[in-house]
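Student: Let me begin by handing over the structure; questions about it come next.
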2 protein chains.
Amino acid sequence: MLTKGQIKLIKSLSQKKFRNEHQLFVVEGVKGIQEFLNSDFELFELFTIDAVFDSKVQLITEIELKKISSLTTPNMAIAIFKMPKPRPINGSGIIVALDAVRDPGNLGTIIRLCDWFGVKDLVCGVDTVDCFNTKVVQATMGSLTRVSINYVDLDEYLGAAKAIKFGTFMNGETIYSQELPSEGIIIFGNEANGISSKVEKFVNRKISIPKFGKLKATESLNVATAAAIVLSEFNRCSIEK
Amino acid sequence: MLTKGQIKLIKSLSQKKFRNEHQLFVVEGVKGIQEFLNSDFELFELFTIDAVFDSKVQLITEIELKKISSLTTPNMAIAIFKMPKPRPINGSGIIVALDAVRDPGNLGTIIRLCDWFGVKDLVCGVDTVDCFNTKVVQATMGSLTRVSINYVDLDEYLGAAKAIKFGTFMNGETIYSQELPSEGIIIFGNEANGISSKVEKFVNRKISIPKFGKLKATESLNVATAAAIVLSEFNRCSIEK
């Protein structure tokens, strides 16, 4: 049976303030939890309606699960993990930097893309949505365990970083004709406003994804879609080398 | 003031059954509505709290808007448009075919991608989510006005189509090393199960998006993310020709 304190703790972790205070976050669903259990992340508590895990679990009822889950259809189990200690940002390889990406689904997709394309470091400006937000955790499908994420003052970080900084802009050079390096920082901007002018001044190479023909097409691609295409091009260039 | 009949009609259009019966669908928000007004789509009724349109409008109160809107934060206006008459599928160029894509956000993103990359025809198996679903319409940002969408028996369509059929699979040839043609049908599959075995037998060329290195990375990319990368590669090859 869940104690009142446990219920209160889990519910409080839907808020960033309490996640940071307790240094804990929530993962839901058997598959997601399993990925975190197989990683370096440290388990705090695991609640499940069925003993499907090797780890120490606390059995709860379906009604209890429903009470603490943020999902409309809870999936068997809910776990609390400890936030990892921040790892220093690796200076080499491709680094992705986010300037005020607000949508949890977009951040989740970008974390999965980093994982897929071997980007080890994701650097987020402090106004990017929290990566331990429950919706982000759900959207990453375990990629969160394999990508190191740091929240920083983006101006300060970019000002000090020596790598070439790429940014996507409507009027940038086409990504197709470029020789893209295996080292560099790729910056993606906010859903509505793109890269802010404060961050733009650090960009050394403005790049863009060509539209087909001169059609009156959609004005812009969603940031996660743009990230997919740009990261794929960097991957292609690195494979072709 | 809204009549009871108008409220009932708008609410009913959240269901596919009634959209098909009335041949009508809903668009919300000033920007989206403007894109539909500037297209070949025919307006049926337009309700707004402020006369920001050139078209004939019916002024309503904010309380009325809140009552008929499906958004948590309604955006000024809500319009009913007539469904367009189906246009025959164009036999040439790149055609995208969807096998049971269920998520409205994914379909919306794929429609925007088709628009961006000049894909004029999107062919959906009947078990793909309805493109006039309110969430799809919201996600397309007007691209729905520029991409022709047909719902068909996918087996029948693919069986009869002469173009080369591409499908994304985990074990396909890398898209990077391929000469991709400017004509063909690219098939994307269901979020959980990929391309069904029924549809797989029509695929002539299995393609895949290479992961970086041999890392234990995320198992698969979201279908909209995969579509972004694959369509971008077809676009790159067509530009480089």
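The way I read the labels, and the way they are meant: chains A, B, ... in the order of the structure tokens, residue 1 as the first residue of every chain, and ligand 1 as the first ligand shown, with later ones counted on from there.
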Taking only residues of chain A that have an atom at most 10 Å from an atom of chain B, what is each one's shortest atom pair and its distance in Å to one decimal, using only C-alpha atoms, in chain and number order, as a tab-separated table?
Tutor:
residue	atom	partner	partner_atom	distance
A:Thr109	CA	B:Asn222	CA	7.9
A:Ile110	CA	B:Thr225	CA	9.7
A:Ile111	CA	B:Thr218	CA	9.8
A:Arg112	CA	B:Thr218	CA	6.5
A:Leu113	CA	B:Leu221	CA	7.5
A:Cys114	CA	B:Ala217	CA	9.4
A:Asp115	CA	B:Ala217	CA	5.7
A:Trp116	CA	B:Lys211	CA	5.3
A:Phe117	CA	B:Phe212	CA	4.6
A:Gly118	CA	B:Phe212	CA	5.1
A:Val119	CA	B:Phe212	CA	8.5
A:Ala139	CA	B:Asn222	CA	9.8
A:Thr140	CA	B:Thr218	CA	8.6
A:Met141	CA	B:Thr218	CA	7.4
A:Gly142	CA	B:Thr218	CA	7.2
A:Ser143	CA	B:Thr218	CA	5.9
A:Leu144	CA	B:Thr218	CA	9.7
A:Thr145	CA	B:Ala217	CA	9.9
A:Arg146	CA	B:Ala217	CA	7.7
A:Val147	CA	B:Ala217	CA	9.8
A:Thr174	CA	B:Arg236	CA	9.9
A:Ile175	CA	B:Arg236	CA	9.2
A:Tyr176	CA	B:Arg236	CA	6.2
A:Ser177	CA	B:Glu240	CA	8.6
A:Ile209	CA	B:Ser232	CA	8.3
A:Pro210	CA	B:Phe117	CA	8.2
A:Lys211	CA	B:Trp116	CA	5.3
A:Phe212	CA	B:Phe117	CA	4.6
A:Gly213	CA	B:Gly118	CA	7.1
A:Lys214	CA	B:Gly118	CA	9.2
A:Leu215	CA	B:Gly118	CA	7.5
A:Lys216	CA	B:Arg146	CA	8.8
A:Ala217	CA	B:Trp116	CA	5.6
A:Thr218	CA	B:Trp116	CA	5.9
A:Glu219	CA	B:Trp116	CA	8.3
A:Ser220	CA	B:Trp116	CA	8.2
A:Leu221	CA	B:Arg112	CA	7.4
A:Asn222	CA	B:Thr109	CA	7.9
A:Ala224	CA	B:Thr225	CA	7.7
A:Thr225	CA	B:Thr225	CA	6.0
A:Ala226	CA	B:Ala228	CA	7.9
A:Ala227	CA	B:Thr225	CA	9.0
A:Ala228	CA	B:Thr225	CA	6.0
A:Ile229	CA	B:Ile229	CA	5.0
A:Val230	CA	B:Ile229	CA	8.5
A:Leu231	CA	B:Ile229	CA	9.0
A:Ser232	CA	B:Ile229	CA	6.5
A:Glu233	CA	B:Ile229	CA	8.6
A:Asn235	CA	B:Phe212	CA	6.9
A:Arg236	CA	B:Tyr176	CA	6.2
A:Cys237	CA	B:Tyr176	CA	9.1
A:Ser238	CA	B:Phe212	CA	9.2
A:Ile239	CA	B:Phe212	CA	8.4
A:Glu240	CA	B:Tyr176	CA	8.4
Student: Keeping only C-alpha atoms, write the selected residues to a file as a PDB file, in the first residue's frame.
Tutor:
ATOM      1  CA  THR A 109      12.336  13.883 -29.910  1.00  0.00           C
ATOM      2  CA  ILE A 110      15.603  15.846 -30.005  1.00  0.00           C
ATOM      3  CA  ILE A 111      17.055  13.717 -27.173  1.00  0.00           C
ATOM      4  CA  ARG A 112      16.138  10.553 -29.138  1.00  0.00           C
ATOM      5  CA  LEU A 113      17.776  12.042 -32.240  1.00  0.00           C
ATOM      6  CA  CYS A 114      20.966  12.834 -30.307  1.00  0.00           C
ATOM      7  CA  ASP A 115      21.027   9.229 -29.121  1.00  0.00           C
ATOM      8  CA  TRP A 116      20.441   7.880 -32.660  1.00  0.00           C
ATOM      9  CA  PHE A 117      23.095  10.073 -34.248  1.00  0.00           C
ATOM     10  CA  GLY A 118      25.728   9.635 -31.539  1.00  0.00           C
ATOM     11  CA  VAL A 119      25.532  13.155 -30.113  1.00  0.00           C
ATOM     12  CA  ALA A 139       8.955  10.853 -25.118  1.00  0.00           C
ATOM     13  CA  THR A 140      12.638   9.911 -24.905  1.00  0.00           C
ATOM     14  CA  MET A 141      12.071   6.159 -24.556  1.00  0.00           C
ATOM     15  CA  GLY A 142      15.227   5.706 -22.549  1.00  0.00           C
ATOM     16  CA  SER A 143      17.487   7.875 -24.693  1.00  0.00           C
ATOM     17  CA  LEU A 144      17.758  10.147 -21.681  1.00  0.00           C
ATOM     18  CA  THR A 145      20.014   7.500 -20.143  1.00  0.00           C
ATOM     19  CA  ARG A 146      22.513   7.794 -23.003  1.00  0.00           C
ATOM     20  CA  VAL A 147      22.685  11.536 -23.700  1.00  0.00           C
ATOM     21  CA  THR A 174      21.883  25.004 -47.887  1.00  0.00           C
ATOM     22  CA  ILE A 175      22.950  22.088 -45.711  1.00  0.00           C
ATOM     23  CA  TYR A 176      23.136  19.903 -48.827  1.00  0.00           C
ATOM     24  CA  SER A 177      26.055  21.670 -50.491  1.00  0.00           C
ATOM     25  CA  ILE A 209      17.047  23.200 -45.167  1.00  0.00           C
ATOM     26  CA  PRO A 210      16.102  23.830 -48.799  1.00  0.00           C
ATOM     27  CA  LYS A 211      12.443  23.746 -49.744  1.00  0.00           C
ATOM     28  CA  PHE A 212      11.547  21.937 -52.936  1.00  0.00           C
ATOM     29  CA  GLY A 213      11.237  24.405 -55.822  1.00  0.00           C
ATOM     30  CA  LYS A 214       9.896  27.882 -55.294  1.00  0.00           C
ATOM     31  CA  LEU A 215       6.463  26.781 -54.192  1.00  0.00           C
ATOM     32  CA  LYS A 216       4.538  28.783 -51.672  1.00  0.00           C
ATOM     33  CA  ALA A 217       5.100  26.154 -49.050  1.00  0.00           C
ATOM     34  CA  THR A 218       4.808  25.963 -45.318  1.00  0.00           C
ATOM     35  CA  GLU A 219       6.772  28.767 -43.669  1.00  0.00           C
ATOM     36  CA  SER A 220       8.914  26.711 -41.403  1.00  0.00           C
ATOM     37  CA  LEU A 221       9.553  23.226 -40.182  1.00  0.00           C
ATOM     38  CA  ASN A 222       8.964  22.234 -36.599  1.00  0.00           C
ATOM     39  CA  ALA A 224      12.323  18.636 -33.961  1.00  0.00           C
ATOM     40  CA  THR A 225      11.809  17.999 -37.691  1.00  0.00           C
ATOM     41  CA  ALA A 226      14.566  20.463 -38.564  1.00  0.00           C
ATOM     42  CA  ALA A 227      16.858  18.826 -35.998  1.00  0.00           C
ATOM     43  CA  ALA A 228      16.184  15.416 -37.577  1.00  0.00           C
ATOM     44  CA  ILE A 229      17.214  16.625 -41.024  1.00  0.00           C
ATOM     45  CA  VAL A 230      20.248  18.644 -39.929  1.00  0.00           C
ATOM     46  CA  LEU A 231      21.638  15.913 -37.659  1.00  0.00           C
ATOM     47  CA  SER A 232      21.115  13.378 -40.425  1.00  0.00           C
ATOM     48  CA  GLU A 233      23.183  15.529 -42.822  1.00  0.00           C
ATOM     49  CA  ASN A 235      25.857  12.043 -39.877  1.00  0.00           C
ATOM     50  CA  ARG A 236      25.905  11.494 -43.651  1.00  0.00           C
ATOM     51  CA  CYS A 237      28.972  13.719 -44.086  1.00  0.00           C
ATOM     52  CA  SER A 238      30.784  11.983 -41.247  1.00  0.00           C
ATOM     53  CA  ILE A 239      30.013   8.542 -42.729  1.00  0.00           C
ATOM     54  CA  GLU A 240      31.093   9.597 -46.222  1.00  0.00           C
TER      55      GLU A 240
END
Student: I need the residues of region 52-208 of chain B that end up classed as helix (DSSP H, G or I) by DSSP on the backbone, written out as a CSV table (one decimal) with C-alpha atoms, in the first residue's frame.
Tutor:
chain,number,residue,atom,x,y,z
B,62,GLU,CA,-15.6,34.9,-26.1
B,63,ILE,CA,-17.8,32.7,-23.9
B,64,GLU,CA,-19.4,31.3,-27.1
B,65,LEU,CA,-16.0,30.7,-28.6
B,66,LYS,CA,-14.8,28.8,-25.5
B,67,LYS,CA,-17.9,26.7,-25.8
B,68,ILE,CA,-17.3,25.5,-29.4
B,104,PRO,CA,-2.7,13.1,-35.4
B,105,GLY,CA,0.5,15.0,-34.6
B,106,ASN,CA,2.6,12.6,-36.7
B,107,LEU,CA,0.2,12.9,-39.7
B,108,GLY,CA,0.2,16.7,-39.3
B,109,THR,CA,4.0,16.8,-39.3
B,110,ILE,CA,4.1,14.5,-42.4
B,111,ILE,CA,1.7,16.7,-44.3
B,112,ARG,CA,3.9,19.8,-43.5
B,113,LEU,CA,6.9,17.8,-44.7
B,114,CYS,CA,5.2,16.9,-48.0
B,115,ASP,CA,4.4,20.6,-48.5
B,116,TRP,CA,8.0,21.6,-47.7
B,134,THR,CA,-9.1,18.7,-35.7
B,135,LYS,CA,-5.7,18.0,-34.2
B,136,VAL,CA,-4.3,17.1,-37.6
B,137,VAL,CA,-5.7,20.3,-39.1
B,138,GLN,CA,-4.1,22.3,-36.3
B,139,ALA,CA,-0.7,20.6,-36.7
B,140,THR,CA,-0.5,21.2,-40.5
B,143,SER,CA,-0.1,22.7,-45.5
B,144,LEU,CA,-3.3,20.7,-45.8
B,145,THR,CA,-4.4,23.2,-48.5
B,154,LEU,CA,-3.4,0.5,-49.8
B,155,ASP,CA,-2.9,-3.1,-51.1
B,156,GLU,CA,-5.0,-2.3,-54.2
B,157,TYR,CA,-3.2,1.0,-54.8
B,158,LEU,CA,0.3,-0.4,-54.4
B,159,GLY,CA,-0.5,-3.5,-56.4
B,160,ALA,CA,-1.6,-1.4,-59.3
B,197,SER,CA,3.7,-7.6,-43.7
B,198,LYS,CA,0.7,-7.2,-46.1
B,199,VAL,CA,2.2,-3.9,-47.4
B,200,GLU,CA,5.8,-5.0,-47.1
Student: Set the distance at 10 Å and use only C-alpha atoms: which residues neighbour region 184-196 of chain A once local chain neighbours fewer than 3 positions away are removed? I'd like the list as a PyMOL selection string.
Tutor: chain A and resi 91-103+106+110+121-124+127-128+158+161-170+180-181+199-207+220-224+226-227+230-231+234
Student: Report, in Å with one decimal, the straight-line distance from CA of Met76 (chain A) to CA of Thr61 (chain A).
Tutor: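 The value is 9.7 Å.
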